[in-house]
Number of protein chains: 2
Amino acid sequence: MSTAEAPARAALSGRELSQVDRQWRAANYLAAGQIYLMDNPLLREPLAPAHVKPRLLGHWGTSPGLTFVYAHLNRAIVTHDLDAIFVTGPGHGGPALLAHTWLEGSYPELTPDVTQDAAGMRTLFREFSFPGGVPSHVAPVVPGSIHEGGELGYSLAHAFGAAFDNPDLLVACVIGDGEAETGPLATSWHANKFLDPVHDGAVLPVLHLNGYKIANPTVLSRIPRDELDDLLRGYGYRPYHVEGSEPAAMHQAMAATLDDVVAEIRGIQAAARSGAATGRPRWPMIVLRSPKGWTGPSEVDGVPVEGTWRAHQVPLPAVRENPDHLAALERWLRSYRPEELFDADGRPTPEVTALIPSGVRRMGANPHANGGALLRPLDLPEPRDYAPRVAEPGTTVHEPTRVLGRYLREVAERSAGRRNFRLFGPDETASNRLDAVYQATGKGWQAAIEPADEHLSRDGRVLEVLSEHLCQGWLEGYLLTGRHGLFSCYEAFVHIVDSMVNQHIKWLRSSRDIPWRRPVASLNYLLTSHVWRQDHNGFSHQDPGFIDHVANKSSEVVRVYLPPDTNTLLTVADHCLRSRDYVNVVVAGKNDTPDWLDAEEAALHCARGAGIWEWAGTHPGHEPDVVLACAGDAPTLEVLAAVTLLREHLPELAVRVVNVVDLMRLQPDTEHPHGMTDREFDALFTRDRPVIFAYHGYPWLIHRLAYRRANHAGLHVRGYTERGTTTTPFDMLVLNDMDRFQLVIDVIDRVPGLLRTAGTTRQAMADARARHRRWIREHGEDLPEVREWRWTR
Amino acid sequence: MSTAEAPARAALSGRELSQVDRQWRAANYLAAGQIYLMDNPLLREPLAPAHVKPRLLGHWGTSPGLTFVYAHLNRAIVTHDLDAIFVTGPGHGGPALLAHTWLEGSYPELTPDVTQDAAGMRTLFREFSFPGGVPSHVAPVVPGSIHEGGELGYSLAHAFGAAFDNPDLLVACVIGDGEAETGPLATSWHANKFLDPVHDGAVLPVLHLNGYKIANPTVLSRIPRDELDDLLRGYGYRPYHVEGSEPAAMHQAMAATLDDVVAEIRGIQAAARSGAATGRPRWPMIVLRSPKGWTGPSEVDGVPVEGTWRAHQVPLPAVRENPDHLAALERWLRSYRPEELFDADGRPTPEVTALIPSGVRRMGANPHANGGALLRPLDLPEPRDYAPRVAEPGTTVHEPTRVLGRYLREVAERSAGRRNFRLFGPDETASNRLDAVYQATGKGWQAAIEPADEHLSRDGRVLEVLSEHLCQGWLEGYLLTGRHGLFSCYEAFVHIVDSMVNQHIKWLRSSRDIPWRRPVASLNYLLTSHVWRQDHNGFSHQDPGFIDHVANKSSEVVRVYLPPDTNTLLTVADHCLRSRDYVNVVVAGKNDTPDWLDAEEAALHCARGAGIWEWAGTHPGHEPDVVLACAGDAPTLEVLAAVTLLREHLPELAVRVVNVVDLMRLQPDTEHPHGMTDREFDALFTRDRPVIFAYHGYPWLIHRLAYRRANHAGLHVRGYTERGTTTTPFDMLVLNDMDRFQLVIDVIDRVPGLLRTAGTTRQAMADARARHRRWIREHGEDLPEVREWRWTR
């Protein structure tokens, strides 16, 4: 049998039933209280309008289901000594989680003004969704959370991310039936093809069908039961059903089901870990069908509320103004019989807390959910051990990401024992030339393996799935539980996770204000197969805008690096893997790139973030006539090629080359911690000379970062201006006016007082552009002089 | 039986089998030829390195599966007189689609230099993935396509979008097993809960399991067959399987299966349309399992290629350099026996074209796939008929989106007959206060309907699903097949479709260069529940960056509107619904907003895009001392409130108010078609007076748009700077320094030579900000003076 009804047996004794029900009632009381009350928390006096908040905010609808699952997990943790955390997909149900963490004591321990007594309960209620208080969702302030539920879709991916390499952990994940309609959630079910029962922990999905979203029924609640079972079995699970609304029966059903599910998970793990089973297990999951707004008002103003979408947020909307609503609220709150649940001081009674675990077994106190507390630094190799020797700039070439792959191989080797580092990618690890890592660890894969397959393994720590959403969600879950990782992605398609990285940045930003949240490893992106080398794939693959996207976000969190060559990439990668609480965006090419700096120069240059490349400029010791600035590997090469043209054609011109690795250096120091002072900026870019800036991405970003600088009027930026197609690499530069010939033209057009020969040079450059166009049309590849160009002093 | 093997009967006569096989072989030959050859297209001479392209680009792996499906659909169209289009999920298989459209003649008709003869074949081959030629993916240049396959995940959503309100259309959609791993695709299967068998057409998903992505096996090809069947049945389909590699057997199986599937679809439609069936049908779909790189080289350099991931792109990589590869390529190409397929002039023989439909039945010539050709303008009501009367600015308030909802109700009513307008939203239509539309049409819903439900109907033209991906994908498919629509979305969460809108903008941009692609209706976003009114939901719901995201894209396509009140919103909406080939982003609030302009003023102001609000400034006729500019409803209100404070405290100050509706007006006219000339800009913003600009989004965008203007140094922008939490509406403004008090302080700090009283005013403003903070902490709502503020002359 691959589907199960809740067992008919009574899993709970009468005493236990009463205890779990009291715990649930207490949590429901506290959840409703947070939404409504600013005073009289224990209803020791009759409810009056003045006790009620002026603005009623929060989501009641999902809360009683969440409190129900949490209470039963508490019971199961106590009974089976589980090490478990709770991921709240319906993250709007903040009141439910705050209620339980208050009951279990984890929230009061971490939040001194919210004591576990009447005064603390009043503060708990008052601060919820109150200005300057706590957010209405399951935000970082909620103990035990690794998942902000504001934007729906990522709970199950986060849960799997938390479970990877945590063999003793059970990650319970409640999935709302609204969230289940999102794309990221719909594909997250398949994560079980990547979860190794030997080295990873277990994920227990609890699909909570309460039937409604804000204003509509949900798809999964309105398809026939057998169709739903087909779907969940098709996803590879064994669904257990718990369904109803009568509390006692539901308690027995849920408790018995959890007992069975825990036994089944332990059986799966034991079989796999003993070697008795080698295939992909069919993991259990629970379908919980309960009314939306369960135990809340069944009718308001003559229309049904409990069990409908009307229970989604605040079921009684006019409590201060409408005496009927006030009375209904009081009846509702008193229906939980708070006098049975809290003692004279407002503390939960022993019967309420009897089935709540203690210490780190409390889900709000489990250190896995405050990952920084468990974080161990990676044992990182020296980048210089992988650094190509560079005797002379530009005389050798390497594929930066391929060399990085060798470095990452050693990172993977050194972390093999602790299993605290993973690489994530949407089927692009080899395409992005990081495949050396396969020598250290395979690609994790629990589905069938066939003879022609390469590098697949049950315990591999590289995860590849054609879903940027899953890569991102897994990595977030992995990091927030105290591990390390890197996500390598085609630059254009990382926009798929724009909204996810927003939420992660907001999470990190908010966590900084919460003293007990310990720093976690940074989320590191390696964006490669970037815009300038998507000539072959064409326009749809050309987009450098992820940098712009993150640049708007909190400067405390966001870092952007554009290493121009292999050694700078190694240095940047090492730095990023050591950093904490950042989102590091590294953009680097996979194609042959000249080596500009040796290991020491690279370390120094990256430490500065931006600097003058004396060796690349002309007329050392002179003030420059023009600054050629560059950020990114393709722009750097093009700028250096322009310098060789300028040296040849306009030898009298003093050219300074400035390279920017750390893009945020361009901002004022008042705007970003990495920002340069005006004095520093002026020292690099001058206060008055023309600056021709060749930039990897959309050129306007440079203006947005540098508009306050003295020399902003002298700044002329070239970059990608959304002109692309399937063509050659150099033609991409020409189409977007960032090729060497155009850069020389830009210099001539902007440097005042050039000799008359400049006009001839200008024409020669324009001719070269025209020659290029004819050549590629005929030959299908770039001009030989471009393909064969090498930097020479 | 809810799953089916391919029928054992022979659906094709011997002649038909030969014809469909010749068609397939011809298409495969042409697909391989495009990847490799720049000359000798018919192999009339022995293959030499000079015939081979210098850069080998393109994706062979998926191509033979695509040609197979296309050939069989051609046969089915001819046999059953189907009106069908083809959506190519594995869009990298551009060669396959170009091959078939060349064979059927649609591509040659539209592309005069690609004649259907040897010379045209040479051009077809040469131009494929060649600089200045055609892209390697199924781009807009491919006749019959409504779907660029560069970024994977959206094929099935596009297919459903095309099928809505096209009752006679069959949309065949090939889904690659790589694409099937993406989130958007995983949830797209559920679109069958929204497809009305009476008024909509049919979608036929063909899940193509060729087993591999770039470098990995695919999940769906490596789960057991019964698990896959469970999954597809769980999604609500009846899967038919066609599996194998032996061409003759596969032809028979596919033909018989298509015959059965077509009969089943017709049966479903007949039953629904006669009223005999009222429930949600179980639509058929096909699982095609065939080798990757089918019919290509089985082994290269001693390792297997056909049937493995090595066939993904170019199976023989070194043809010019390696004589063995050259010989293998020649053997491979000759294995299709081109001499049987093309006549002496290079035209396909009658046996090849025998089962290809003609005229508009050809999938490359079906007008549904060139939607502009079918586009009929909407019959739009007059916005002024819905416009609130505004006798005096700021004396009345309306909820802008609620009034817009009434206007849209009439749009929906007037389009009821033609069924060419739909509204899309992720469960937020009512939350966004557009629910008046339900009076004209319901929410389309094919799953179970229960008594408490409201506004659900089988034939509703509002589509609500908790997936921004589905909303976006459906709308794109709907628009590209010649209809109209609007997507209303929470502003923060529209980032979920950042990458999709990228692709759509690129599609529209590319289409402009293709003469036969007719203009389609614009993709219209209504972004509401915006950043300034997500005070209650908190930080996770606060993000105005979608504007920044689209602002980087082609200026030919992107338009951004920030109507400050109800009448301007009506005017903008009317304009957007009339426009073509744009992506219009409209940001407008749903909360009570003062009415600033009457209908005529609004029309004039929106036509100008930006203008001086004389009535709001002081000292008419005088040059201003300061310009207060605003863009967006919340900033506009705040600027006007600041003006009332300035009038009171600094009556000598000449204040000009400039309001910007059309954000792209701020750009130079050289950068955007809506851009202002410098003269126009200076006339509004002066060349030298301080400009305090209150902007809806991230403030840096205004600098990025205006950095070239004479007065850029005088521009001081306030906006959202990523400071937010759960708080009050006014506190959001205070947190981000855009409140009225701060704006007055900004004025005082920037206008030179103010009287000494300005210092007192400055202190009063700072005091007000401090008073605000204390008040909200205590009362949980905004200062009475802020809540009750009204504009007065």
# chains A, B, ... in the order shown; residues from 1 in each chain; ligands from 1

$ residues_around --residues "range 257-268 of chain B" --least-positions-apart "6" --cutoff "10 Å" --atoms "only C-alpha atoms" --output "JSON, numbers by chain"
{"B": [4, 5, 6, 7, 8, 9, 11, 69, 72, 73, 75, 76, 77, 79, 80, 82, 168, 170, 197, 198, 201, 202, 203, 204, 238, 239, 240, 241, 242, 251, 276, 277, 280, 281, 282, 283, 284, 285, 286]}

$ select_by_dssp --residues "range 4-220 of chain B" --states "strand (DSSP E or B)" --output "PyMOL selection string"
chain B and resi 4-5+37+52+83-88+128+134+169-176+202-209+212+217

$ interface_residues --of "chain A" --to "chain B" --cutoff "6 Å" --atoms "only C-alpha atoms" --output "count of residues only"
31

$ select_by_dssp --residues "range 484-565 of chain A" --states "helix (DSSP H, G or I)" --output "PyMOL selection string"
chain A and resi 492-511+531-533+539-541+546-551

$ residues_around --residues "Arg389 in chain A" --least-positions-apart "3" --cutoff "12 Å" --atoms "only C-alpha atoms" --output "list of chain:residue names"
A:Arg384, A:Asp385, A:Tyr386, A:Glu392, A:Pro393, A:Gly394, A:Thr395, A:Thr396, A:Val397, A:His398, A:Thr566, A:Asn567, A:Pro594, A:Asp595, A:Trp596, A:Leu597, A:Asp598, A:Ala599, A:Glu600, A:Glu601, A:Ala602

$ write_last_selection --atoms "N, CA and C atoms" --output "mmCIF file, in the first residue's frame"
data_model
loop_
_atom_site.group_PDB
_atom_site.id
_atom_site.type_symbol
_atom_site.label_atom_id
_atom_site.label_comp_id
_atom_site.auth_asym_id
_atom_site.auth_seq_id
_atom_site.Cartn_x
_atom_site.Cartn_y
_atom_site.Cartn_z
ATOM 1 N N ARG A 384 47.198 30.699 -3.985
ATOM 2 C CA ARG A 384 48.438 30.772 -4.767
ATOM 3 C C ARG A 384 48.926 29.393 -5.184
ATOM 4 N N ASP A 385 48.498 28.347 -4.471
ATOM 5 C CA ASP A 385 48.903 27.004 -4.884
ATOM 6 C C ASP A 385 48.264 26.597 -6.214
ATOM 7 N N TYR A 386 47.230 27.288 -6.600
ATOM 8 C CA TYR A 386 46.570 27.003 -7.877
ATOM 9 C C TYR A 386 46.826 28.083 -8.919
ATOM 10 N N GLU A 392 55.023 37.782 -17.039
ATOM 11 C CA GLU A 392 54.843 39.011 -17.812
ATOM 12 C C GLU A 392 53.334 39.096 -18.111
ATOM 13 N N PRO A 393 52.702 40.211 -17.872
ATOM 14 C CA PRO A 393 51.249 40.268 -18.100
ATOM 15 C C PRO A 393 50.881 39.927 -19.542
ATOM 16 N N GLY A 394 49.833 39.164 -19.665
ATOM 17 C CA GLY A 394 49.254 38.950 -20.978
ATOM 18 C C GLY A 394 49.991 37.985 -21.879
ATOM 19 N N THR A 395 50.985 37.301 -21.377
ATOM 20 C CA THR A 395 51.720 36.389 -22.257
ATOM 21 C C THR A 395 51.192 34.962 -22.172
ATOM 22 N N THR A 396 50.441 34.651 -21.133
ATOM 23 C CA THR A 396 49.822 33.327 -21.038
ATOM 24 C C THR A 396 48.313 33.509 -20.923
ATOM 25 N N VAL A 397 47.601 32.435 -21.229
ATOM 26 C CA VAL A 397 46.142 32.489 -21.087
ATOM 27 C C VAL A 397 45.682 31.298 -20.254
ATOM 28 N N HIS A 398 44.608 31.488 -19.519
ATOM 29 C CA HIS A 398 43.944 30.387 -18.829
ATOM 30 C C HIS A 398 42.442 30.596 -18.898
ATOM 31 N N THR A 566 42.449 35.005 -14.178
ATOM 32 C CA THR A 566 42.400 33.786 -13.374
ATOM 33 C C THR A 566 42.838 34.022 -11.935
ATOM 34 N N ASN A 567 43.954 34.696 -11.750
ATOM 35 C CA ASN A 567 44.442 34.861 -10.380
ATOM 36 C C ASN A 567 43.544 35.755 -9.537
ATOM 37 N N PRO A 594 43.700 36.211 -20.976
ATOM 38 C CA PRO A 594 45.107 36.449 -20.625
ATOM 39 C C PRO A 594 45.276 36.582 -19.114
ATOM 40 N N ASP A 595 46.407 36.112 -18.636
ATOM 41 C CA ASP A 595 46.751 36.308 -17.225
ATOM 42 C C ASP A 595 47.407 37.679 -17.097
ATOM 43 N N TRP A 596 46.772 38.536 -16.332
ATOM 44 C CA TRP A 596 47.314 39.895 -16.175
ATOM 45 C C TRP A 596 48.169 40.025 -14.922
ATOM 46 N N LEU A 597 47.786 39.323 -13.879
ATOM 47 C CA LEU A 597 48.447 39.519 -12.586
ATOM 48 C C LEU A 597 48.907 38.176 -12.034
ATOM 49 N N ASP A 598 50.054 38.180 -11.372
ATOM 50 C CA ASP A 598 50.440 36.959 -10.686
ATOM 51 C C ASP A 598 49.730 36.905 -9.329
ATOM 52 N N ALA A 599 49.976 35.848 -8.602
ATOM 53 C CA ALA A 599 49.182 35.600 -7.399
ATOM 54 C C ALA A 599 49.289 36.759 -6.406
ATOM 55 N N GLU A 600 50.495 37.271 -6.226
ATOM 56 C CA GLU A 600 50.654 38.328 -5.231
ATOM 57 C C GLU A 600 50.034 39.636 -5.686
ATOM 58 N N GLU A 601 50.256 39.935 -6.953
ATOM 59 C CA GLU A 601 49.635 41.152 -7.486
ATOM 60 C C GLU A 601 48.117 41.046 -7.420
ATOM 61 N N ALA A 602 47.621 39.857 -7.714
ATOM 62 C CA ALA A 602 46.166 39.667 -7.680
ATOM 63 C C ALA A 602 45.639 39.874 -6.264
#

$ residues_around --residues "Leu404 in chain A" --least-positions-apart "6" --cutoff "10 Å" --atoms "only C-alpha atoms" --output "list of chain:residue names"
A:Pro383, A:Tyr386, A:Ala387, A:Arg433, A:Leu434, A:Asp435, A:Ala436, A:Val437, A:Thr566, A:Asn567, A:Leu569, A:Leu570, A:Thr571, A:Ala573, A:Asp574, A:Lys590

$ atom_distance --atom1 "CA of Arg402 in chain B" --atom2 "CA of Val531 in chain B"
18.2 Å

$ atom_distance --atom1 "CA of Gly120 in chain B" --atom2 "CA of Ala373 in chain B"
26.3 Å

$ atom_distance --atom1 "CA of Val661 in chain B" --atom2 "CA of Thr528 in chain B"
15.4 Å

$ residues_around --residues "Pro143 in chain A" --least-positions-apart "4" --cutoff "10 Å" --atoms "only C-alpha atoms" --output "VMD selection string"
chain A and resid 97 to 98 100 to 102 106 to 111 138 to 139 362 to 367 369 to 370 516 to 517
